[in-house]
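For reference, protein_29.pdb is printed below; it contains PDB, C-alpha atoms.
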```pdb
ATOM      1  CA  MET B  22     -17.545  92.297  38.731
ATOM      2  CA  LYS B  23     -18.807  93.652  42.042
ATOM      3  CA  ASN B  24     -22.458  93.257  42.947
ATOM      4  CA  LYS B  25     -24.448  96.451  42.505
ATOM      5  CA  LYS B  26     -27.753  94.814  43.435
ATOM      6  CA  THR B  27     -28.722  92.087  45.829
ATOM      7  CA  THR B  28     -29.502  88.720  44.278
ATOM      8  CA  GLU B  29     -33.126  89.146  45.354
ATOM      9  CA  GLU B  30     -33.267  92.443  43.453
ATOM     10  CA  VAL B  31     -31.731  90.829  40.377
ATOM     11  CA  ALA B  32     -34.284  87.993  40.441
ATOM     12  CA  LEU B  33     -37.195  90.426  40.693
ATOM     13  CA  GLY B  34     -35.696  92.532  37.905
ATOM     14  CA  ILE B  35     -35.461  89.445  35.671
ATOM     15  CA  ARG B  36     -39.150  88.656  36.121
ATOM     16  CA  ARG B  37     -40.141  92.260  35.522
ATOM     17  CA  ARG B  38     -38.104  92.561  32.324
ATOM     18  CA  VAL B  39     -39.351  89.295  30.870
ATOM     19  CA  PHE B  40     -42.932  90.236  31.757
ATOM     20  CA  GLU B  41     -42.694  93.694  30.194
ATOM     21  CA  HIS B  42     -41.054  92.305  27.055
ATOM     22  CA  SER B  43     -43.690  89.604  26.738
ATOM     23  CA  MET B  44     -46.555  92.076  27.128
ATOM     24  CA  ARG B  45     -45.204  94.192  24.300
ATOM     25  CA  ASN B  46     -44.381  91.291  21.982
ATOM     26  CA  ASN B  47     -47.509  89.133  22.086
ATOM     27  CA  GLY B  48     -46.091  86.645  24.550
ATOM     28  CA  GLY B  49     -42.855  85.121  25.702
ATOM     29  CA  TYR B  50     -41.089  82.666  27.980
ATOM     30  CA  LEU B  51     -42.822  83.825  31.136
ATOM     31  CA  SER B  52     -42.804  80.541  33.034
ATOM     32  CA  GLN B  53     -39.033  80.172  32.602
ATOM     33  CA  ALA B  54     -38.566  83.559  34.264
ATOM     34  CA  CYS B  55     -40.853  82.412  37.078
ATOM     35  CA  SER B  56     -38.968  79.186  37.694
ATOM     36  CA  ALA B  57     -35.369  80.232  37.015
ATOM     37  CA  ALA B  58     -35.033  83.868  38.093
ATOM     38  CA  GLU B  59     -33.380  83.077  41.421
ATOM     39  CA  GLN B  60     -31.107  80.468  39.870
ATOM     40  CA  LEU B  61     -29.699  82.721  37.146
ATOM     41  CA  ALA B  62     -29.552  85.714  39.471
ATOM     42  CA  TRP B  63     -27.555  83.674  41.984
ATOM     43  CA  LEU B  64     -25.195  82.281  39.339
ATOM     44  CA  TYR B  65     -24.274  85.673  37.908
ATOM     45  CA  ASN B  66     -24.453  87.699  41.096
ATOM     46  CA  GLU B  67     -22.819  85.317  43.568
ATOM     47  CA  ALA B  68     -21.876  81.791  42.636
ATOM     48  CA  LEU B  69     -19.632  82.288  39.612
ATOM     49  CA  ASN B  70     -16.241  83.963  39.442
ATOM     50  CA  LEU B  71     -16.566  85.848  36.166
ATOM     51  CA  GLY B  72     -14.367  88.594  34.762
ATOM     52  CA  GLU B  73     -15.469  91.825  33.130
ATOM     53  CA  PRO B  74     -17.378  91.399  29.832
ATOM     54  CA  THR B  75     -15.263  91.452  26.694
ATOM     55  CA  MET B  76     -18.184  92.205  24.344
ATOM     56  CA  PRO B  77     -19.874  95.559  23.639
ATOM     57  CA  MET B  78     -22.779  96.462  25.913
ATOM     58  CA  ILE B  79     -25.048  96.729  22.877
ATOM     59  CA  PRO B  80     -24.777  93.373  21.079
ATOM     60  CA  PRO B  81     -23.396  93.529  17.534
ATOM     61  CA  PRO B  82     -25.416  92.118  14.622
ATOM     62  CA  PHE B  83     -25.035  88.477  13.661
ATOM     63  CA  GLY B  84     -21.567  88.208  12.144
ATOM     64  CA  GLY B  85     -21.921  84.915  10.338
ATOM     65  CA  VAL B  86     -20.829  81.440  11.299
ATOM     66  CA  PRO B  87     -17.198  80.341  11.767
ATOM     67  CA  ALA B  88     -15.695  79.996   8.307
ATOM     68  CA  PRO B  89     -12.567  80.785   6.305
ATOM     69  CA  GLY B  90     -12.418  84.541   5.955
ATOM     70  CA  ASN B  91     -14.546  85.175   9.036
ATOM     71  CA  ASP B  92     -11.569  85.552  11.334
ATOM     72  CA  ASP B  93     -13.346  87.954  13.690
ATOM     73  CA  TYR B  94     -15.990  85.423  14.709
ATOM     74  CA  VAL B  95     -16.609  85.278  18.459
ATOM     75  CA  THR B  96     -19.189  83.545  20.618
ATOM     76  CA  GLY B  97     -21.542  85.318  22.991
ATOM     77  CA  ALA B  98     -19.621  83.955  25.965
ATOM     78  CA  GLY B  99     -17.647  87.200  26.122
ATOM     79  CA  TYR B 100     -20.580  88.656  28.056
ATOM     80  CA  ASN B 101     -19.592  86.237  30.827
ATOM     81  CA  GLY B 102     -16.021  87.492  30.825
ATOM     82  CA  PRO B 103     -12.679  86.388  29.351
ATOM     83  CA  PHE B 104     -11.524  82.805  28.837
ATOM     84  CA  GLU B 105      -8.798  83.047  31.429
ATOM     85  CA  PRO B 106      -7.808  80.078  33.616
ATOM     86  CA  GLN B 107      -8.825  81.630  36.934
ATOM     87  CA  TYR B 108     -12.380  82.439  35.843
ATOM     88  CA  ASP B 109     -15.391  80.143  35.791
ATOM     89  CA  ARG B 110     -17.266  79.287  32.613
ATOM     90  CA  LEU B 111     -21.033  78.978  32.223
ATOM     91  CA  PHE B 112     -23.038  76.876  29.777
ATOM     92  CA  ILE B 113     -26.753  77.624  29.438
ATOM     93  CA  ALA B 114     -28.025  74.279  28.197
ATOM     94  CA  PRO B 115     -31.743  75.032  27.527
ATOM     95  CA  ALA B 116     -31.409  77.548  24.705
ATOM     96  CA  HIS B 117     -35.075  78.529  24.995
ATOM     97  CA  TYR B 118     -34.237  80.250  28.308
ATOM     98  CA  ALA B 119     -32.422  82.897  26.252
ATOM     99  CA  LEU B 120     -34.866  85.719  27.030
ATOM    100  CA  VAL B 121     -34.405  85.061  30.746
ATOM    101  CA  ALA B 122     -30.625  84.925  30.307
ATOM    102  CA  TYR B 123     -30.582  88.251  28.442
ATOM    103  CA  ALA B 124     -32.675  89.864  31.178
ATOM    104  CA  THR B 125     -30.161  88.548  33.703
ATOM    105  CA  LEU B 126     -27.224  90.044  31.794
ATOM    106  CA  ILE B 127     -28.938  93.429  31.849
ATOM    107  CA  GLU B 128     -29.758  93.211  35.552
ATOM    108  CA  VAL B 129     -26.134  92.447  36.496
ATOM    109  CA  GLY B 130     -24.698  95.131  34.215
ATOM    110  CA  ARG B 131     -23.241  92.930  31.492
ATOM    111  CA  MET B 132     -25.509  94.005  28.621
ATOM    112  CA  ALA B 133     -27.333  97.230  27.824
ATOM    113  CA  GLU B 134     -31.130  97.484  27.923
ATOM    114  CA  GLU B 135     -31.076  98.223  24.206
ATOM    115  CA  GLY B 136     -29.959  94.647  23.632
ATOM    116  CA  LEU B 137     -33.378  93.312  24.538
ATOM    117  CA  GLU B 138     -34.956  95.529  21.885
ATOM    118  CA  MET B 139     -32.998  93.475  19.319
ATOM    119  CA  PHE B 140     -34.580  90.224  20.520
ATOM    120  CA  ASN B 141     -35.688  87.949  17.659
ATOM    121  CA  LYS B 142     -35.122  90.629  15.001
ATOM    122  CA  ASP B 143     -33.735  89.781  11.568
ATOM    123  CA  GLY B 144     -29.952  90.051  11.531
ATOM    124  CA  SER B 145     -29.683  90.206  15.319
ATOM    125  CA  SER B 146     -27.445  88.058  17.477
ATOM    126  CA  VAL B 147     -30.004  88.337  20.300
ATOM    127  CA  GLU B 148     -31.924  85.303  19.136
ATOM    128  CA  MET B 149     -35.122  83.858  20.561
ATOM    129  CA  ILE B 150     -33.468  80.462  20.869
ATOM    130  CA  GLY B 151     -29.947  81.254  22.003
ATOM    131  CA  ALA B 152     -27.178  80.282  19.597
ATOM    132  CA  GLU B 153     -23.435  80.298  20.209
ATOM    133  CA  HIS B 154     -23.174  83.915  19.016
ATOM    134  CA  SER B 155     -25.979  85.109  21.314
ATOM    135  CA  PRO B 156     -25.150  87.101  24.480
ATOM    136  CA  GLY B 157     -24.137  84.819  27.328
ATOM    137  CA  MET B 158     -24.004  81.712  25.146
ATOM    138  CA  GLU B 159     -20.815  79.781  24.518
ATOM    139  CA  VAL B 160     -22.040  76.872  22.416
ATOM    140  CA  HIS B 161     -25.180  75.993  20.518
ATOM    141  CA  ASN B 162     -27.444  73.861  22.694
ATOM    142  CA  GLY B 163     -30.304  73.591  20.220
ATOM    143  CA  THR B 164     -30.356  69.859  20.817
ATOM    144  CA  LEU B 165     -31.440  69.604  24.437
ATOM    145  CA  GLY B 166     -29.383  67.181  26.479
ATOM    146  CA  ILE B 167     -25.876  68.024  25.245
ATOM    147  CA  GLY B 168     -25.105  70.801  27.725
ATOM    148  CA  LEU B 169     -23.713  68.681  30.527
ATOM    149  CA  SER B 170     -21.545  66.693  28.112
ATOM    150  CA  THR B 171     -20.147  69.895  26.636
ATOM    151  CA  GLY B 172     -19.445  71.365  30.052
ATOM    152  CA  ALA B 173     -17.822  68.132  31.226
ATOM    153  CA  GLY B 174     -15.530  68.074  28.205
ATOM    154  CA  LEU B 175     -14.382  71.622  28.832
ATOM    155  CA  ALA B 176     -13.932  70.910  32.538
ATOM    156  CA  TYR B 177     -11.765  67.871  31.754
ATOM    157  CA  GLY B 178      -9.574  69.941  29.448
ATOM    158  CA  ARG B 179      -9.287  72.708  32.017
ATOM    159  CA  ARG B 180      -8.254  70.216  34.675
ATOM    160  CA  LEU B 181      -5.560  68.799  32.400
ATOM    161  CA  ARG B 182      -4.252  72.338  31.838
ATOM    162  CA  GLY B 183      -4.323  73.122  35.533
ATOM    163  CA  ASP B 184      -6.941  75.890  35.300
ATOM    164  CA  SER B 185      -8.383  76.875  38.655
ATOM    165  CA  GLY B 186     -11.715  78.044  37.255
ATOM    166  CA  GLU B 187     -14.730  75.736  37.395
ATOM    167  CA  VAL B 188     -17.360  74.957  34.759
ATOM    168  CA  CYS B 189     -21.050  75.398  35.568
ATOM    169  CA  VAL B 190     -23.979  74.113  33.523
ATOM    170  CA  PHE B 191     -27.464  75.550  33.893
ATOM    171  CA  MET B 192     -29.920  72.818  32.898
ATOM    172  CA  SER B 193     -33.620  72.026  32.725
ATOM    173  CA  ASP B 194     -35.303  68.840  33.825
ATOM    174  CA  GLY B 195     -36.618  68.023  30.350
ATOM    175  CA  GLU B 196     -33.041  67.175  29.405
ATOM    176  CA  VAL B 197     -33.017  64.009  31.493
ATOM    177  CA  GLN B 198     -35.245  62.432  28.875
ATOM    178  CA  GLU B 199     -32.090  62.349  26.746
ATOM    179  CA  GLY B 200     -29.634  59.504  27.309
ATOM    180  CA  GLN B 201     -26.618  61.732  26.790
ATOM    181  CA  THR B 202     -27.258  63.366  30.163
ATOM    182  CA  TRP B 203     -26.681  60.057  31.944
ATOM    183  CA  GLU B 204     -23.602  59.308  29.848
ATOM    184  CA  ALA B 205     -22.154  62.679  30.843
ATOM    185  CA  ILE B 206     -22.625  61.933  34.543
ATOM    186  CA  GLN B 207     -21.019  58.517  34.351
ATOM    187  CA  ALA B 208     -18.121  59.886  32.272
ATOM    188  CA  CYS B 209     -17.500  62.575  34.910
ATOM    189  CA  ALA B 210     -17.550  59.971  37.670
ATOM    190  CA  HIS B 211     -15.284  57.590  35.768
ATOM    191  CA  HIS B 212     -12.695  60.281  34.981
ATOM    192  CA  GLY B 213     -13.061  62.080  38.311
ATOM    193  CA  ILE B 214     -14.165  65.331  36.679
ATOM    194  CA  ASP B 215     -15.201  67.256  39.762
ATOM    195  CA  ASN B 216     -14.503  70.783  38.523
ATOM    196  CA  VAL B 217     -17.883  70.734  36.777
ATOM    197  CA  TRP B 218     -21.183  71.338  38.545
ATOM    198  CA  ALA B 219     -24.720  71.957  37.442
ATOM    199  CA  ILE B 220     -27.933  73.465  38.664
ATOM    200  CA  MET B 221     -31.099  72.066  37.107
ATOM    201  CA  ASP B 222     -34.390  73.945  36.906
ATOM    202  CA  VAL B 223     -36.821  71.196  37.907
ATOM    203  CA  ASN B 224     -40.142  72.792  37.012
ATOM    204  CA  ASP B 225     -41.812  69.593  35.702
ATOM    205  CA  GLN B 226     -42.710  71.387  32.454
ATOM    206  CA  GLN B 227     -41.633  71.139  28.836
ATOM    207  CA  CYS B 228     -42.757  72.248  25.407
ATOM    208  CA  ASP B 229     -45.727  69.883  25.132
ATOM    209  CA  GLY B 230     -46.951  70.266  28.690
ATOM    210  CA  ALA B 231     -46.230  68.576  31.976
ATOM    211  CA  MET B 232     -43.141  66.333  32.036
ATOM    212  CA  SER B 233     -45.172  63.341  33.152
ATOM    213  CA  SER B 234     -47.505  63.691  30.160
ATOM    214  CA  VAL B 235     -44.595  63.433  27.708
ATOM    215  CA  MET B 236     -42.265  60.934  29.377
ATOM    216  CA  GLU B 237     -42.182  60.006  33.034
ATOM    217  CA  VAL B 238     -38.621  60.369  34.370
ATOM    218  CA  ARG B 239     -39.353  59.169  37.922
ATOM    219  CA  ASP B 240     -36.737  59.749  40.648
ATOM    220  CA  ILE B 241     -34.047  61.896  39.020
ATOM    221  CA  ALA B 242     -31.901  62.208  42.146
ATOM    222  CA  THR B 243     -31.654  58.466  42.763
ATOM    223  CA  LYS B 244     -30.712  57.785  39.155
ATOM    224  CA  MET B 245     -28.102  60.550  39.089
ATOM    225  CA  ARG B 246     -26.497  59.196  42.235
ATOM    226  CA  ALA B 247     -26.437  55.737  40.687
ATOM    227  CA  PHE B 248     -24.585  57.122  37.667
ATOM    228  CA  GLY B 249     -22.003  58.755  39.929
ATOM    229  CA  ALA B 250     -23.085  62.309  40.775
ATOM    230  CA  THR B 251     -23.285  64.049  44.113
ATOM    231  CA  VAL B 252     -26.853  65.367  44.225
ATOM    232  CA  VAL B 253     -28.495  67.981  46.430
ATOM    233  CA  GLU B 254     -32.206  68.776  46.179
ATOM    234  CA  ILE B 255     -33.410  72.258  47.094
ATOM    235  CA  ASP B 256     -36.229  74.765  46.749
ATOM    236  CA  ALA B 257     -35.260  76.765  43.652
ATOM    237  CA  HIS B 258     -36.550  79.975  45.199
ATOM    238  CA  ASP B 259     -34.495  79.657  48.400
ATOM    239  CA  LEU B 260     -31.190  81.455  47.891
ATOM    240  CA  ASN B 261     -29.708  80.251  51.161
ATOM    241  CA  ALA B 262     -30.416  76.671  50.098
ATOM    242  CA  MET B 263     -28.513  77.294  46.852
ATOM    243  CA  ARG B 264     -25.535  78.678  48.733
ATOM    244  CA  GLU B 265     -25.445  75.679  51.046
ATOM    245  CA  ALA B 266     -25.861  73.228  48.156
ATOM    246  CA  LYS B 267     -22.891  74.686  46.273
ATOM    247  CA  ALA B 268     -20.710  74.008  49.315
ATOM    248  CA  GLU B 269     -21.526  70.279  49.290
ATOM    249  CA  PRO B 270     -18.284  68.221  49.025
ATOM    250  CA  HIS B 271     -18.089  66.208  45.797
ATOM    251  CA  GLU B 272     -14.508  65.036  45.359
ATOM    252  CA  GLY B 273     -14.146  62.913  42.232
ATOM    253  CA  GLN B 274     -17.774  63.483  41.231
ATOM    254  CA  PRO B 275     -19.826  66.150  39.484
ATOM    255  CA  LEU B 276     -22.156  68.127  41.742
ATOM    256  CA  ILE B 277     -25.731  68.482  40.522
ATOM    257  CA  ILE B 278     -28.180  70.743  42.333
ATOM    258  CA  LEU B 279     -31.786  69.819  41.616
ATOM    259  CA  ALA B 280     -33.661  73.089  42.091
ATOM    260  CA  HIS B 281     -37.376  72.307  42.372
ATOM    261  CA  SER B 282     -39.201  75.351  41.079
ATOM    262  CA  SER B 283     -42.646  76.755  40.385
ATOM    263  CA  PRO B 284     -43.397  77.776  36.770
ATOM    264  CA  THR B 285     -45.735  80.484  38.080
ATOM    265  CA  LYS B 286     -43.595  81.928  40.900
ATOM    266  CA  GLY B 287     -44.197  85.667  41.058
ATOM    267  CA  MET B 288     -46.838  85.488  38.304
ATOM    268  CA  GLU B 289     -49.554  83.309  39.826
ATOM    269  CA  PHE B 290     -52.013  84.551  37.196
ATOM    270  CA  LEU B 291     -50.338  82.028  34.885
ATOM    271  CA  GLN B 292     -52.002  79.212  36.810
ATOM    272  CA  ARG B 293     -54.937  79.802  34.475
ATOM    273  CA  ARG B 294     -52.766  78.501  31.622
ATOM    274  CA  PHE B 295     -51.344  75.523  33.520
ATOM    275  CA  PRO B 296     -49.913  73.161  32.310
ATOM    276  CA  ARG B 297     -49.480  74.763  28.857
ATOM    277  CA  LEU B 298     -46.878  77.283  29.944
ATOM    278  CA  HIS B 299     -43.842  76.725  27.714
ATOM    279  CA  TYR B 300     -44.438  79.837  25.581
ATOM    280  CA  VAL B 301     -47.347  82.023  26.543
ATOM    281  CA  ARG B 302     -49.147  83.876  23.772
ATOM    282  CA  PHE B 303     -52.262  85.913  24.371
ATOM    283  CA  LYS B 304     -55.528  84.486  23.112
ATOM    284  CA  SER B 305     -57.124  87.917  22.861
ATOM    285  CA  GLU B 306     -56.546  91.580  23.621
ATOM    286  CA  GLU B 307     -58.831  91.169  26.611
ATOM    287  CA  GLU B 308     -56.632  88.418  28.014
ATOM    288  CA  ARG B 309     -53.496  90.483  27.454
ATOM    289  CA  ASP B 310     -55.037  93.428  29.285
ATOM    290  CA  GLU B 311     -56.147  91.256  32.191
ATOM    291  CA  MET B 312     -52.733  89.561  32.396
ATOM    292  CA  ASN B 313     -50.996  92.929  32.180
ATOM    293  CA  GLN B 314     -52.983  94.342  35.066
ATOM    294  CA  SER B 315     -52.811  91.258  37.268
ATOM    295  CA  ILE B 316     -49.166  90.294  36.850
ATOM    296  CA  ALA B 317     -47.937  93.889  37.061
ATOM    297  CA  LYS B 318     -49.633  94.108  40.443
ATOM    298  CA  GLU B 319     -47.962  90.865  41.551
ATOM    299  CA  LEU B 320     -44.562  92.197  40.482
ATOM    300  CA  GLY B 321     -45.075  95.572  42.159
ATOM    301  CA  ILE B 322     -44.918  97.669  39.000
ATOM    302  CA  GLU B 323     -47.286  99.708  36.854
ATOM    303  CA  PRO B 324     -48.985  97.899  33.971
ATOM    304  CA  VAL B 325     -47.148  98.115  30.684
ATOM    305  CA  GLN B 326     -48.232 101.039  28.516
ATOM    306  CA  PHE B 327     -48.728 100.025  24.910
ATOM    307  CA  ASP B 328     -48.055 102.230  21.908
ATOM    308  CA  THR B 329     -51.194 103.613  20.338
ATOM    309  CA  HIS B 330     -51.483 104.646  16.710
TER     310      HIS B 330
END
```
Translate the structure of the given file into structure tokens.
Amino acid sequence: MKNKKTTEEVALGIRRRVFEHSMRNNGGYLSQACSAAEQLAWLYNEALNLGEPTMPMIPPPFGGVPAPGNDDYVTGAGYNGPFEPQYDRLFIAPAHYALVAYATLIEVGRMAEEGLEMFNKDGSSVEMIGAEHSPGMEVHNGTLGIGLSTGAGLAYGRRLRGDSGEVCVFMSDGEVQEGQTWEAIQACAHHGIDNVWAIMDVNDQQCDGAMSSVMEVRDIATKMRAFGATVVEIDAHDLNAMREAKAEPHEGQPLIILAHSSPTKGMEFLQRRFPRLHYVRFKSEEERDEMNQSIAKELGIEPVQFDTH
């Protein structure tokens, strides 16, 4: 698909959509939009070679799990385009980034705005924690840490088939607390799987607070290199740095871009909640009103108007 917006415009649109949705729904994954907007905007708008969506613009209801008699089952990956050998494939490993991913799909013209109105509703495929049937999702990554392994497996199969398309994994830094991440890197290095690459949102945050307060992971880049990856560290909000990082040679090795991000980028009001930023709910109507006014100003939009009854 051809770009209709600049990547900067897409990133700003992602933050605005997630903010507006969160204001109307008593909270949301605001910090993930702050940290990852540029990354997801860049992936969909520039970095990945994706075909036209194969799914309806308005997501269909949940159609049940794969099972005998459910022959029409499809994953949400169709929003990323067809499974053809020349196209890239994308795995979104942290399923709790789903709201940000849906906003991205809307901004790049792959899903209708109405899809976000179905978010977290009974019977909807637009789930709060993205499942394999959710828009943009190919597999279920409910267990954090399996995304890179899954992407590596697909990349290995694609290489054996001679597919030209690459496999990209969008990750979060909390996943490196899982041993499977390191096993995936060393398996890629051992088998020379270099048609897989990843970009990791390194925001130093996770569900229970700051990464260091849960489990100190120390120098991620040094450890990844030791396991066999080519690693580039960048500012997650610098698009030119992302473009340069993707061009880094990595023959025989997976490429991992460590994108160091701010969980309050574009919404500095959230510093008041630091470090408890994983899912922001409002403590009172007064706080919601103050956040609405302050963050809307930061994002260059009017405050969200709430329905009155």
| task | Do a neighbour search on Thr202 of chain B at 8 Å with all atoms listed in the file, toss out local chain neighbours closer than 3 positions, and write the hits as a PyMOL selection string. | result | chain B and resi 166-167+169-170+196-197+199+205-206
| query | Exactly which residues make up the result of the PyMOL selection byres ((chain B and resi 231-234) around 12) on this file, given as number ranges by chain? | reply | B: 193-198, 223-230, 235-240, 284, 294-299
| said: At a cut-off of 12 Å, using all atoms listed in the file, what residues contact Asp184 of chain B? Leave out same-chain residues fewer than 3 positions from it and give the result as a list in words. | reply: Phe104, Glu105, Pro106, Gln107, Tyr108, Asp109, Arg110, Leu175, Ala176, Tyr177, Gly178, Arg179, Arg180, Leu181, Glu187, Val188 and Asn216 of chain B
| task | Carefully work through the PyMOL selection byres ((chain B and resi 269) around 12) for this structure and note down the residues it includes, as an NGL selection string. | result | :B and (215 or 218 or 250-254 or 262-268 or 270-272 or 274-278)
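Minimum distance to Glu134 of chain B across B:Gly168, B:Val39, B:Glu204, B:Leu51 (counting only C-alpha atoms) occurs at B:Val39.
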| Of the candidates B:His154, B:Arg131, B:His258, B:His212, which one gets nearest to Trp63 of chain B if we count only C-alpha atoms? | B:His258
| said: If the PyMOL selection byres ((chain B and resi 31) around 12) were run on this exact file, what residues would it hold? Put them as a PyMOL selection string. | reply: chain B and resi 24-30+32-38+54+57-67+121-122+124-130
| field | Atomic distance atom CA of Tyr123 of chain B - atom CA of Asn91 of chain B, expressed in Å with one decimal | value | 25.4 Å
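The shortest atom-to-atom distance to Tyr118 of chain B, with all atoms listed in the file taken into account, belongs to B:Gly151 out of B:Gly151, B:Gly157, B:Gly99, B:Gly48.
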| So how many Å separate atom CA of His161 of chain B and atom CA of Ala116 of chain B, to one decimal? |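 Atom-to-atom, atom CA of His161 of chain B to atom CA of Ala116 of chain B, that is 7.7 Å.
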| query | What is the atom CA of Ala317 of chain B to atom CA of Asn47 of chain B distance in Å? | reply |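 Computed distance, atom CA of Ala317 of chain B to atom CA of Asn47 of chain B, equals 15.7 Å.
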| said: What's around Gln326 of chain B at 10 Å? Count all atoms listed in the file, leave out sequence neighbours fewer than 4 positions away in its own chain, and write the answer as a list in words. | reply: Glu41, Met44, Arg45 and Asn313 of chain B
| task | List every protein, DNA or RNA residue that has an atom no more than 12 Å from (-31.2, 88.9, 14.8) in the file's coordinate frame, counting all atoms listed in the file, and report them as a VMD selection string. | result | chain B and resid 80 to 85 136 to 152 154 to 156
Place N, CA, C and O atoms on segment 254-268 of chain B and deliver the coordinates as a JSON list (two decimals), keeping the file's coordinate frame.
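Dumped to result-v3.json:
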```json
[["chain", "number", "residue", "atom", "x", "y", "z"],
["B", 254, "GLU", "N", -30.89, 68.27, 46.59],
["B", 254, "GLU", "CA", -32.21, 68.78, 46.18],
["B", 254, "GLU", "C", -32.60, 69.96, 47.04],
["B", 254, "GLU", "O", -32.48, 69.92, 48.27],
["B", 255, "ILE", "N", -33.07, 71.03, 46.38],
["B", 255, "ILE", "CA", -33.41, 72.26, 47.09],
["B", 255, "ILE", "C", -34.68, 72.89, 46.53],
["B", 255, "ILE", "O", -35.16, 72.50, 45.46],
["B", 256, "ASP", "N", -35.18, 73.87, 47.24],
["B", 256, "ASP", "CA", -36.23, 74.76, 46.75],
["B", 256, "ASP", "C", -35.54, 75.81, 45.87],
["B", 256, "ASP", "O", -34.65, 76.54, 46.33],
["B", 257, "ALA", "N", -35.93, 75.88, 44.61],
["B", 257, "ALA", "CA", -35.26, 76.76, 43.65],
["B", 257, "ALA", "C", -35.41, 78.24, 43.98],
["B", 257, "ALA", "O", -34.71, 79.08, 43.40],
["B", 258, "HIS", "N", -36.32, 78.57, 44.87],
["B", 258, "HIS", "CA", -36.55, 79.97, 45.20],
["B", 258, "HIS", "C", -35.96, 80.35, 46.55],
["B", 258, "HIS", "O", -36.21, 81.45, 47.06],
["B", 259, "ASP", "N", -35.15, 79.45, 47.10],
["B", 259, "ASP", "CA", -34.49, 79.66, 48.40],
["B", 259, "ASP", "C", -33.00, 79.88, 48.16],
["B", 259, "ASP", "O", -32.24, 78.94, 47.94],
["B", 260, "LEU", "N", -32.59, 81.13, 48.20],
["B", 260, "LEU", "CA", -31.19, 81.46, 47.89],
["B", 260, "LEU", "C", -30.22, 80.87, 48.91],
["B", 260, "LEU", "O", -29.13, 80.43, 48.55],
["B", 261, "ASN", "N", -30.60, 80.85, 50.17],
["B", 261, "ASN", "CA", -29.71, 80.25, 51.16],
["B", 261, "ASN", "C", -29.50, 78.77, 50.90],
["B", 261, "ASN", "O", -28.40, 78.24, 51.11],
["B", 262, "ALA", "N", -30.54, 78.09, 50.43],
["B", 262, "ALA", "CA", -30.42, 76.67, 50.10],
["B", 262, "ALA", "C", -29.44, 76.48, 48.94],
["B", 262, "ALA", "O", -28.66, 75.52, 48.92],
["B", 263, "MET", "N", -29.47, 77.38, 47.97],
["B", 263, "MET", "CA", -28.51, 77.29, 46.85],
["B", 263, "MET", "C", -27.09, 77.45, 47.36],
["B", 263, "MET", "O", -26.19, 76.71, 46.95],
["B", 264, "ARG", "N", -26.88, 78.42, 48.21],
["B", 264, "ARG", "CA", -25.54, 78.68, 48.73],
["B", 264, "ARG", "C", -25.00, 77.47, 49.49],
["B", 264, "ARG", "O", -23.84, 77.08, 49.33],
["B", 265, "GLU", "N", -25.86, 76.86, 50.29],
["B", 265, "GLU", "CA", -25.44, 75.68, 51.05],
["B", 265, "GLU", "C", -25.19, 74.49, 50.11],
["B", 265, "GLU", "O", -24.25, 73.72, 50.31],
["B", 266, "ALA", "N", -26.01, 74.35, 49.08],
["B", 266, "ALA", "CA", -25.86, 73.23, 48.16],
["B", 266, "ALA", "C", -24.54, 73.31, 47.41],
["B", 266, "ALA", "O", -23.87, 72.28, 47.19],
["B", 267, "LYS", "N", -24.14, 74.52, 47.03],
["B", 267, "LYS", "CA", -22.89, 74.69, 46.27],
["B", 267, "LYS", "C", -21.68, 74.27, 47.12],
["B", 267, "LYS", "O", -20.64, 73.85, 46.58],
["B", 268, "ALA", "N", -21.82, 74.35, 48.42],
["B", 268, "ALA", "CA", -20.71, 74.01, 49.32],
["B", 268, "ALA", "C", -20.62, 72.51, 49.60],
["B", 268, "ALA", "O", -19.71, 72.08, 50.32]]
```
